[in-house]
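Data from run23.cif: mmCIF, N, CA and C atoms
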```
data_protein
#
loop_
_atom_site.label_atom_id
_atom_site.label_comp_id
_atom_site.auth_asym_id
_atom_site.auth_seq_id
_atom_site.Cartn_x
_atom_site.Cartn_y
_atom_site.Cartn_z
N ALA J 1 44.30 -44.26 -20.20
CA ALA J 1 45.21 -44.28 -21.33
C ALA J 1 44.80 -43.22 -22.35
N ARG J 2 43.47 -43.09 -22.54
CA ARG J 2 43.01 -42.08 -23.49
C ARG J 2 43.35 -40.68 -23.02
N ALA J 3 43.12 -40.43 -21.71
CA ALA J 3 43.38 -39.09 -21.18
C ALA J 3 44.85 -38.74 -21.32
N ALA J 4 45.69 -39.70 -21.07
CA ALA J 4 47.12 -39.45 -21.19
C ALA J 4 47.51 -39.21 -22.63
N SER J 5 46.93 -39.98 -23.53
CA SER J 5 47.27 -39.79 -24.94
C SER J 5 46.69 -38.47 -25.46
N ALA J 6 45.48 -38.08 -24.96
CA ALA J 6 44.87 -36.83 -25.41
C ALA J 6 45.68 -35.63 -24.94
N SER J 7 46.17 -35.71 -23.70
CA SER J 7 46.95 -34.57 -23.20
C SER J 7 48.30 -34.49 -23.89
N SER J 8 48.85 -35.63 -24.25
CA SER J 8 50.14 -35.60 -24.94
C SER J 8 49.97 -35.09 -26.36
N ARG J 9 48.79 -35.33 -26.95
CA ARG J 9 48.54 -34.83 -28.30
C ARG J 9 48.39 -33.31 -28.30
N ARG J 10 47.85 -32.75 -27.23
CA ARG J 10 47.61 -31.31 -27.17
C ARG J 10 48.85 -30.52 -26.76
N GLY J 11 49.91 -31.13 -26.62
CA GLY J 11 51.12 -30.40 -26.30
C GLY J 11 51.58 -30.64 -24.88
N GLY J 12 51.16 -31.72 -24.27
CA GLY J 12 51.61 -32.04 -22.92
C GLY J 12 50.86 -31.24 -21.90
N GLY J 13 51.38 -31.17 -20.69
CA GLY J 13 50.73 -30.43 -19.63
C GLY J 13 50.03 -31.37 -18.67
N ARG J 14 49.28 -30.83 -17.79
CA ARG J 14 48.63 -31.65 -16.79
C ARG J 14 47.26 -32.13 -17.26
N ASP J 15 46.81 -33.23 -16.68
CA ASP J 15 45.53 -33.83 -17.04
C ASP J 15 44.51 -33.41 -15.98
N ILE J 16 43.78 -32.37 -16.27
CA ILE J 16 42.84 -31.79 -15.32
C ILE J 16 41.68 -32.74 -15.05
N ILE J 17 41.22 -33.45 -16.06
CA ILE J 17 40.09 -34.37 -15.90
C ILE J 17 40.45 -35.47 -14.93
N ALA J 18 41.61 -36.01 -15.05
CA ALA J 18 42.04 -37.08 -14.13
C ALA J 18 42.19 -36.53 -12.71
N GLU J 19 42.71 -35.31 -12.59
CA GLU J 19 42.86 -34.72 -11.25
C GLU J 19 41.50 -34.51 -10.59
N ASN J 20 40.53 -34.03 -11.37
CA ASN J 20 39.19 -33.83 -10.81
C ASN J 20 38.54 -35.15 -10.43
N ARG J 21 38.75 -36.19 -11.23
CA ARG J 21 38.18 -37.50 -10.93
C ARG J 21 38.72 -38.03 -9.60
N CYS J 22 40.03 -37.86 -9.38
CA CYS J 22 40.64 -38.32 -8.13
C CYS J 22 40.15 -37.49 -6.94
N ALA J 23 40.04 -36.19 -7.14
CA ALA J 23 39.59 -35.32 -6.05
C ALA J 23 38.15 -35.62 -5.67
N ALA J 24 37.29 -35.95 -6.66
CA ALA J 24 35.90 -36.27 -6.37
C ALA J 24 35.79 -37.59 -5.63
N ALA J 25 36.65 -38.53 -5.90
CA ALA J 25 36.61 -39.83 -5.22
C ALA J 25 37.04 -39.70 -3.77
N VAL J 26 37.98 -38.81 -3.51
CA VAL J 26 38.51 -38.63 -2.15
C VAL J 26 37.57 -37.78 -1.30
N ALA J 27 36.90 -36.79 -1.88
CA ALA J 27 36.06 -35.85 -1.12
C ALA J 27 34.86 -36.57 -0.53
N GLN J 28 34.49 -36.17 0.69
CA GLN J 28 33.32 -36.74 1.36
C GLN J 28 32.09 -35.91 1.01
N PRO J 29 30.98 -36.58 0.76
CA PRO J 29 29.76 -35.81 0.43
C PRO J 29 29.27 -35.04 1.65
N ARG J 30 28.69 -33.88 1.39
CA ARG J 30 28.14 -33.06 2.48
C ARG J 30 26.87 -33.71 3.00
N SER J 31 26.65 -33.58 4.26
CA SER J 31 25.41 -34.09 4.84
C SER J 31 24.53 -32.93 5.25
N ARG J 32 23.25 -33.17 5.25
CA ARG J 32 22.32 -32.11 5.65
C ARG J 32 22.44 -31.81 7.14
N ALA J 33 22.79 -32.79 7.92
CA ALA J 33 22.91 -32.60 9.36
C ALA J 33 24.02 -31.62 9.68
N ALA J 34 25.12 -31.67 8.93
CA ALA J 34 26.24 -30.77 9.19
C ALA J 34 25.84 -29.33 8.90
N SER J 35 25.11 -29.09 7.81
CA SER J 35 24.70 -27.72 7.50
C SER J 35 23.65 -27.23 8.49
N ALA J 36 22.79 -28.11 8.98
CA ALA J 36 21.79 -27.73 9.98
C ALA J 36 22.46 -27.35 11.30
N GLU J 37 23.53 -28.06 11.66
CA GLU J 37 24.25 -27.74 12.90
C GLU J 37 24.88 -26.35 12.80
N ARG J 38 25.44 -26.02 11.63
CA ARG J 38 26.03 -24.70 11.46
C ARG J 38 24.98 -23.61 11.59
N ALA J 39 23.78 -23.86 11.09
CA ALA J 39 22.71 -22.87 11.17
C ALA J 39 22.27 -22.66 12.61
N VAL J 40 22.28 -23.73 13.41
CA VAL J 40 21.89 -23.61 14.81
C VAL J 40 22.95 -22.85 15.58
N ASP J 41 24.22 -23.03 15.21
CA ASP J 41 25.30 -22.34 15.90
C ASP J 41 25.25 -20.84 15.67
N LYS J 42 24.73 -20.36 14.53
CA LYS J 42 24.70 -18.93 14.20
C LYS J 42 23.27 -18.44 14.11
N PRO J 43 22.61 -18.14 15.20
CA PRO J 43 21.26 -17.61 15.09
C PRO J 43 21.31 -16.16 14.62
N LEU J 44 20.20 -15.67 14.10
CA LEU J 44 20.13 -14.28 13.67
C LEU J 44 20.23 -13.38 14.90
N SER J 45 20.96 -12.32 14.75
CA SER J 45 21.08 -11.37 15.86
C SER J 45 19.73 -10.71 16.08
N ARG J 46 19.31 -10.65 17.31
CA ARG J 46 18.01 -10.07 17.63
C ARG J 46 18.16 -9.06 18.75
N ASP J 47 17.21 -8.13 18.80
CA ASP J 47 17.23 -7.15 19.87
C ASP J 47 16.39 -7.66 21.04
N GLY J 48 16.13 -6.80 21.99
CA GLY J 48 15.41 -7.20 23.20
C GLY J 48 13.99 -7.67 22.94
N SER J 49 13.34 -7.16 21.91
CA SER J 49 11.96 -7.56 21.62
C SER J 49 11.90 -8.70 20.60
N ASN J 50 13.02 -9.40 20.40
CA ASN J 50 13.12 -10.59 19.56
C ASN J 50 12.88 -10.26 18.07
N VAL J 51 13.23 -9.05 17.65
CA VAL J 51 13.13 -8.65 16.25
C VAL J 51 14.53 -8.70 15.65
N PRO J 52 14.71 -9.34 14.50
CA PRO J 52 16.05 -9.39 13.89
C PRO J 52 16.58 -7.98 13.62
N LEU J 53 17.89 -7.83 13.85
CA LEU J 53 18.50 -6.51 13.70
C LEU J 53 18.47 -6.02 12.26
N TYR J 54 18.56 -6.95 11.30
CA TYR J 54 18.54 -6.49 9.91
C TYR J 54 17.21 -5.85 9.56
N LEU J 55 16.11 -6.31 10.19
CA LEU J 55 14.81 -5.68 9.95
C LEU J 55 14.78 -4.27 10.51
N ARG J 56 15.42 -4.07 11.65
CA ARG J 56 15.50 -2.72 12.22
C ARG J 56 16.25 -1.79 11.26
N ARG J 57 17.35 -2.29 10.68
CA ARG J 57 18.12 -1.46 9.74
C ARG J 57 17.29 -1.14 8.51
N VAL J 58 16.57 -2.11 7.98
CA VAL J 58 15.76 -1.90 6.78
C VAL J 58 14.65 -0.89 7.07
N LYS J 59 13.98 -1.05 8.20
CA LYS J 59 12.91 -0.11 8.56
C LYS J 59 13.45 1.30 8.75
N GLY J 60 14.63 1.42 9.33
CA GLY J 60 15.24 2.73 9.50
C GLY J 60 15.59 3.37 8.17
N ALA J 61 16.11 2.57 7.24
CA ALA J 61 16.44 3.10 5.91
C ALA J 61 15.19 3.55 5.17
N ILE J 62 14.11 2.79 5.28
CA ILE J 62 12.85 3.16 4.63
C ILE J 62 12.31 4.46 5.21
N ALA J 63 12.35 4.58 6.54
CA ALA J 63 11.86 5.80 7.18
C ALA J 63 12.69 7.01 6.77
N ALA J 64 14.00 6.84 6.68
CA ALA J 64 14.86 7.95 6.27
C ALA J 64 14.57 8.37 4.83
N GLU J 65 14.33 7.38 3.97
CA GLU J 65 14.02 7.69 2.57
C GLU J 65 12.68 8.41 2.45
N GLN J 66 11.68 7.97 3.21
CA GLN J 66 10.38 8.64 3.17
C GLN J 66 10.48 10.07 3.69
N GLN J 67 11.28 10.27 4.71
CA GLN J 67 11.46 11.61 5.25
C GLN J 67 12.15 12.52 4.23
N LEU J 68 13.13 11.98 3.51
CA LEU J 68 13.83 12.76 2.49
C LEU J 68 12.88 13.13 1.35
N ILE J 69 12.05 12.19 0.93
CA ILE J 69 11.09 12.46 -0.13
C ILE J 69 10.10 13.53 0.31
N ALA J 70 9.58 13.41 1.53
CA ALA J 70 8.63 14.39 2.05
C ALA J 70 9.28 15.77 2.14
N GLN J 71 10.54 15.81 2.51
CA GLN J 71 11.24 17.08 2.62
C GLN J 71 11.42 17.71 1.23
N LYS J 72 11.78 16.90 0.23
CA LYS J 72 11.98 17.44 -1.11
C LYS J 72 10.68 17.89 -1.75
N LEU J 73 9.59 17.20 -1.46
CA LEU J 73 8.29 17.57 -2.01
C LEU J 73 7.62 18.68 -1.23
N GLY J 74 8.12 18.95 -0.04
CA GLY J 74 7.53 20.00 0.79
C GLY J 74 6.26 19.56 1.50
N ILE J 75 6.10 18.25 1.67
CA ILE J 75 4.92 17.72 2.34
C ILE J 75 5.09 17.92 3.85
N GLY J 76 4.04 18.37 4.48
CA GLY J 76 4.07 18.54 5.92
C GLY J 76 4.62 19.88 6.37
N VAL J 77 5.00 20.74 5.45
CA VAL J 77 5.53 22.05 5.79
C VAL J 77 4.44 23.08 5.54
N ASP J 78 4.02 23.79 6.58
CA ASP J 78 2.97 24.80 6.46
C ASP J 78 3.53 26.19 6.78
N ASP J 79 4.55 26.59 6.04
CA ASP J 79 5.15 27.90 6.28
C ASP J 79 4.23 29.03 5.82
N ASP J 80 3.59 28.87 4.66
CA ASP J 80 2.81 29.96 4.08
C ASP J 80 1.31 29.79 4.24
N GLY J 81 0.89 28.73 4.86
CA GLY J 81 -0.54 28.52 5.08
C GLY J 81 -1.25 27.91 3.89
N ALA J 82 -0.55 27.62 2.80
CA ALA J 82 -1.16 27.00 1.63
C ALA J 82 -1.28 25.49 1.85
N PRO J 83 -2.27 24.86 1.26
CA PRO J 83 -2.41 23.41 1.40
C PRO J 83 -1.22 22.69 0.77
N PRO J 84 -0.98 21.43 1.17
CA PRO J 84 0.13 20.68 0.59
C PRO J 84 -0.03 20.57 -0.92
N GLY J 85 1.07 20.76 -1.65
CA GLY J 85 1.05 20.71 -3.10
C GLY J 85 0.70 22.04 -3.75
N CYS J 86 0.38 23.05 -2.96
CA CYS J 86 0.03 24.38 -3.49
C CYS J 86 1.01 25.40 -2.95
N MET J 87 1.03 26.56 -3.59
CA MET J 87 1.88 27.65 -3.10
C MET J 87 1.14 28.97 -3.28
N LEU J 88 1.49 29.92 -2.47
CA LEU J 88 0.90 31.25 -2.58
C LEU J 88 1.55 32.00 -3.72
N VAL J 89 0.73 32.68 -4.50
CA VAL J 89 1.22 33.44 -5.65
C VAL J 89 1.27 34.90 -5.24
N PRO J 90 2.30 35.62 -5.65
CA PRO J 90 2.35 37.05 -5.34
C PRO J 90 1.16 37.79 -5.95
N GLU J 91 0.75 38.85 -5.31
CA GLU J 91 -0.45 39.60 -5.72
C GLU J 91 -0.34 40.09 -7.16
N SER J 92 0.81 40.58 -7.56
CA SER J 92 0.96 41.10 -8.93
C SER J 92 0.75 39.98 -9.96
N GLU J 93 1.27 38.80 -9.68
CA GLU J 93 1.10 37.67 -10.59
C GLU J 93 -0.37 37.22 -10.63
N ARG J 94 -1.01 37.23 -9.48
CA ARG J 94 -2.42 36.84 -9.41
C ARG J 94 -3.29 37.80 -10.23
N VAL J 95 -3.05 39.09 -10.10
CA VAL J 95 -3.83 40.10 -10.84
C VAL J 95 -3.57 39.96 -12.34
N ASP J 96 -2.32 39.75 -12.71
CA ASP J 96 -1.98 39.57 -14.12
C ASP J 96 -2.67 38.34 -14.72
N THR J 97 -2.68 37.25 -13.99
CA THR J 97 -3.34 36.03 -14.45
C THR J 97 -4.84 36.24 -14.61
N LEU J 98 -5.46 36.93 -13.65
CA LEU J 98 -6.90 37.19 -13.73
C LEU J 98 -7.23 38.08 -14.94
N ASP J 99 -6.38 39.07 -15.20
CA ASP J 99 -6.61 39.94 -16.37
C ASP J 99 -6.54 39.15 -17.67
N ARG J 100 -5.52 38.27 -17.77
CA ARG J 100 -5.39 37.47 -18.98
C ARG J 100 -6.58 36.54 -19.16
N LEU J 101 -7.07 35.97 -18.06
CA LEU J 101 -8.23 35.08 -18.14
C LEU J 101 -9.49 35.84 -18.56
N LYS J 102 -9.66 37.06 -18.06
CA LYS J 102 -10.83 37.88 -18.44
C LYS J 102 -10.79 38.21 -19.93
N LYS J 103 -9.58 38.58 -20.41
CA LYS J 103 -9.46 38.90 -21.84
C LYS J 103 -9.76 37.67 -22.70
N ARG J 104 -9.26 36.53 -22.30
CA ARG J 104 -9.50 35.30 -23.06
C ARG J 104 -10.99 34.95 -23.06
N ARG J 105 -11.64 35.14 -21.92
CA ARG J 105 -13.07 34.87 -21.83
C ARG J 105 -13.86 35.78 -22.77
N GLU J 106 -13.49 37.06 -22.81
CA GLU J 106 -14.16 38.01 -23.71
C GLU J 106 -13.97 37.60 -25.17
N GLU J 107 -12.76 37.17 -25.52
CA GLU J 107 -12.50 36.72 -26.90
C GLU J 107 -13.36 35.50 -27.24
N LEU J 108 -13.44 34.55 -26.32
CA LEU J 108 -14.22 33.34 -26.57
C LEU J 108 -15.71 33.65 -26.69
N GLU J 109 -16.19 34.56 -25.85
CA GLU J 109 -17.60 34.95 -25.93
C GLU J 109 -17.90 35.65 -27.25
N ALA J 110 -16.96 36.46 -27.72
CA ALA J 110 -17.14 37.15 -29.01
C ALA J 110 -17.20 36.13 -30.14
N LEU J 111 -16.33 35.13 -30.10
CA LEU J 111 -16.35 34.07 -31.11
C LEU J 111 -17.65 33.27 -31.05
N HIS J 112 -18.12 33.05 -29.85
CA HIS J 112 -19.37 32.28 -29.68
C HIS J 112 -20.56 33.09 -30.22
N ARG J 113 -20.55 34.40 -30.02
CA ARG J 113 -21.64 35.25 -30.53
C ARG J 113 -21.66 35.27 -32.06
N ARG J 114 -20.50 35.10 -32.68
CA ARG J 114 -20.43 35.13 -34.15
C ARG J 114 -20.94 33.85 -34.80
N LEU J 115 -21.13 32.81 -34.00
CA LEU J 115 -21.65 31.57 -34.57
C LEU J 115 -23.09 31.78 -35.03
N PRO J 116 -23.51 31.06 -36.07
CA PRO J 116 -24.90 31.21 -36.54
C PRO J 116 -25.89 30.70 -35.50
N LEU J 117 -27.11 31.25 -35.53
CA LEU J 117 -28.14 30.82 -34.58
C LEU J 117 -28.55 29.37 -34.83
N LYS J 118 -28.64 29.02 -36.09
CA LYS J 118 -29.01 27.66 -36.44
C LYS J 118 -27.75 26.94 -36.92
N ILE J 119 -27.25 26.04 -36.08
CA ILE J 119 -26.03 25.31 -36.39
C ILE J 119 -26.42 24.06 -37.16
N GLU J 120 -25.92 23.96 -38.39
CA GLU J 120 -26.33 22.87 -39.27
C GLU J 120 -25.21 21.90 -39.61
N THR J 121 -24.02 22.40 -39.85
CA THR J 121 -22.94 21.53 -40.31
C THR J 121 -22.17 20.93 -39.14
N ILE J 122 -21.44 19.89 -39.45
CA ILE J 122 -20.63 19.22 -38.42
C ILE J 122 -19.53 20.15 -37.93
N GLY J 123 -18.93 20.90 -38.84
CA GLY J 123 -17.87 21.85 -38.46
C GLY J 123 -18.38 22.91 -37.51
N GLN J 124 -19.58 23.42 -37.76
CA GLN J 124 -20.16 24.42 -36.86
C GLN J 124 -20.44 23.82 -35.50
N LYS J 125 -20.96 22.62 -35.47
CA LYS J 125 -21.23 21.95 -34.18
C LYS J 125 -19.93 21.75 -33.41
N GLN J 126 -18.88 21.33 -34.11
CA GLN J 126 -17.60 21.09 -33.45
C GLN J 126 -17.02 22.39 -32.90
N ARG J 127 -17.08 23.47 -33.68
CA ARG J 127 -16.58 24.76 -33.20
C ARG J 127 -17.35 25.23 -31.98
N CYS J 128 -18.66 25.04 -32.00
CA CYS J 128 -19.49 25.45 -30.86
C CYS J 128 -19.12 24.66 -29.61
N GLU J 129 -18.96 23.34 -29.75
CA GLU J 129 -18.59 22.50 -28.60
C GLU J 129 -17.21 22.89 -28.07
N ASP J 130 -16.26 23.12 -28.98
CA ASP J 130 -14.92 23.52 -28.56
C ASP J 130 -14.94 24.85 -27.80
N LEU J 131 -15.72 25.81 -28.29
CA LEU J 131 -15.81 27.11 -27.62
C LEU J 131 -16.44 26.98 -26.24
N VAL J 132 -17.49 26.16 -26.12
CA VAL J 132 -18.14 25.97 -24.84
C VAL J 132 -17.19 25.31 -23.84
N LYS J 133 -16.44 24.29 -24.29
CA LYS J 133 -15.48 23.63 -23.41
C LYS J 133 -14.38 24.59 -22.96
N GLU J 134 -13.87 25.37 -23.88
CA GLU J 134 -12.82 26.31 -23.53
C GLU J 134 -13.33 27.40 -22.59
N LEU J 135 -14.57 27.85 -22.80
CA LEU J 135 -15.18 28.82 -21.88
C LEU J 135 -15.27 28.25 -20.48
N GLN J 136 -15.64 26.99 -20.38
CA GLN J 136 -15.76 26.36 -19.06
C GLN J 136 -14.41 26.27 -18.38
N THR J 137 -13.36 25.95 -19.14
CA THR J 137 -12.03 25.88 -18.51
C THR J 137 -11.53 27.25 -18.08
N VAL J 138 -11.86 28.28 -18.86
CA VAL J 138 -11.40 29.63 -18.51
C VAL J 138 -12.12 30.12 -17.25
N GLU J 139 -13.40 29.78 -17.12
CA GLU J 139 -14.15 30.21 -15.94
C GLU J 139 -13.63 29.47 -14.74
#
```

Do you think you could lay out the structure here as structure tokens?
Amino acid sequence: ARAASASSRRGGGRDIIAENRCAAAVAQPRSRAASAERAVDKPLSRDGSNVPLYLRRVKGAIAAEQQLIAQKLGIGVDDDGAPPGCMLVPESERVDTLDRLKKRREELEALHRRLPLKIETIGQKQRCEDLVKELQTVE
């Protein structure tokens, strides 16, 4: 009576709550045995070595992705004889880089020679350490 009066108050229409109540009373509950029977009827597709086919597809996709990554990174390609992750530099670029490094080393050594023989302040110690570290990286 309430549901009917509530629906009439809202402007008429159908009583969805009552319809659901009737449908739930008529419907039979699912049993676990019925779902287990369906699972037995549909086994996973397997190949000759009893491996599920979906695993074969996943393994194939992973292998294809790894091959694509290796190809993009240039891993496994020994065209120029350089180790993986390295490349050969043209002779002109190599000579230019060596010249710049020699000049930088000379500049750093000149700065190091200008430091006082007796280093007393924290700033002097820091400059000396920085110059020594930079010299090591340049060498």

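If you look at CA of Val138 in chain J and CA of Glu107 in chain J, they are 11.0 Å away from each other.
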
When DSSP is applied to the backbone of this structure, which of range 51-97 of chain J are assigned alpha helix (DSSP H)? Write them out as a short mmCIF file (atom, residue, chain, number, x, y, z; two decimals) with N, CA and C atoms, in the coordinates of the input.
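out.cif was written with the following content:
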```cif
data_model
loop_
_atom_site.label_atom_id
_atom_site.label_comp_id
_atom_site.auth_asym_id
_atom_site.auth_seq_id
_atom_site.Cartn_x
_atom_site.Cartn_y
_atom_site.Cartn_z
N LEU J 53 17.89 -7.83 13.85
CA LEU J 53 18.50 -6.51 13.70
C LEU J 53 18.47 -6.02 12.26
N TYR J 54 18.56 -6.95 11.30
CA TYR J 54 18.54 -6.49 9.91
C TYR J 54 17.21 -5.85 9.56
N LEU J 55 16.11 -6.31 10.19
CA LEU J 55 14.81 -5.68 9.95
C LEU J 55 14.78 -4.27 10.51
N ARG J 56 15.42 -4.07 11.65
CA ARG J 56 15.50 -2.72 12.22
C ARG J 56 16.25 -1.79 11.26
N ARG J 57 17.35 -2.29 10.68
CA ARG J 57 18.12 -1.46 9.74
C ARG J 57 17.29 -1.14 8.51
N VAL J 58 16.57 -2.11 7.98
CA VAL J 58 15.76 -1.90 6.78
C VAL J 58 14.65 -0.89 7.07
N LYS J 59 13.98 -1.05 8.20
CA LYS J 59 12.91 -0.11 8.56
C LYS J 59 13.45 1.30 8.75
N GLY J 60 14.63 1.42 9.33
CA GLY J 60 15.24 2.73 9.50
C GLY J 60 15.59 3.37 8.17
N ALA J 61 16.11 2.57 7.24
CA ALA J 61 16.44 3.10 5.91
C ALA J 61 15.19 3.55 5.17
N ILE J 62 14.11 2.79 5.28
CA ILE J 62 12.85 3.16 4.63
C ILE J 62 12.31 4.46 5.21
N ALA J 63 12.35 4.58 6.54
CA ALA J 63 11.86 5.80 7.18
C ALA J 63 12.69 7.01 6.77
N ALA J 64 14.00 6.84 6.68
CA ALA J 64 14.86 7.95 6.27
C ALA J 64 14.57 8.37 4.83
N GLU J 65 14.33 7.38 3.97
CA GLU J 65 14.02 7.69 2.57
C GLU J 65 12.68 8.41 2.45
N GLN J 66 11.68 7.97 3.21
CA GLN J 66 10.38 8.64 3.17
C GLN J 66 10.48 10.07 3.69
N GLN J 67 11.28 10.27 4.71
CA GLN J 67 11.46 11.61 5.25
C GLN J 67 12.15 12.52 4.23
N LEU J 68 13.13 11.98 3.51
CA LEU J 68 13.83 12.76 2.49
C LEU J 68 12.88 13.13 1.35
N ILE J 69 12.05 12.19 0.93
CA ILE J 69 11.09 12.46 -0.13
C ILE J 69 10.10 13.53 0.31
N ALA J 70 9.58 13.41 1.53
CA ALA J 70 8.63 14.39 2.05
C ALA J 70 9.28 15.77 2.14
N GLN J 71 10.54 15.81 2.51
CA GLN J 71 11.24 17.08 2.62
C GLN J 71 11.42 17.71 1.23
N LYS J 72 11.78 16.90 0.23
CA LYS J 72 11.98 17.44 -1.11
C LYS J 72 10.68 17.89 -1.75
N LEU J 73 9.59 17.20 -1.46
CA LEU J 73 8.29 17.57 -2.01
C LEU J 73 7.62 18.68 -1.23
N GLU J 91 0.75 38.85 -5.31
CA GLU J 91 -0.45 39.60 -5.72
C GLU J 91 -0.34 40.09 -7.16
N SER J 92 0.81 40.58 -7.56
CA SER J 92 0.96 41.10 -8.93
C SER J 92 0.75 39.98 -9.96
N GLU J 93 1.27 38.80 -9.68
CA GLU J 93 1.10 37.67 -10.59
C GLU J 93 -0.37 37.22 -10.63
N ARG J 94 -1.01 37.23 -9.48
CA ARG J 94 -2.42 36.84 -9.41
C ARG J 94 -3.29 37.80 -10.23
N VAL J 95 -3.05 39.09 -10.10
CA VAL J 95 -3.83 40.10 -10.84
C VAL J 95 -3.57 39.96 -12.34
N ASP J 96 -2.32 39.75 -12.71
CA ASP J 96 -1.98 39.57 -14.12
C ASP J 96 -2.67 38.34 -14.72
N THR J 97 -2.68 37.25 -13.99
CA THR J 97 -3.34 36.03 -14.45
C THR J 97 -4.84 36.24 -14.61
#
```

**Prompt:** By how many Å are atom N of Glu120 in chain J and CA of Glu139 in chain J apart?
**Reply:**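 Between atom N of Glu120 in chain J and CA of Glu139 in chain J the gap is 26.1 Å.
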
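Here atom N of Leu117 in chain J is placed at a distance of 23.7 Å from atom C of Thr137 in chain J.
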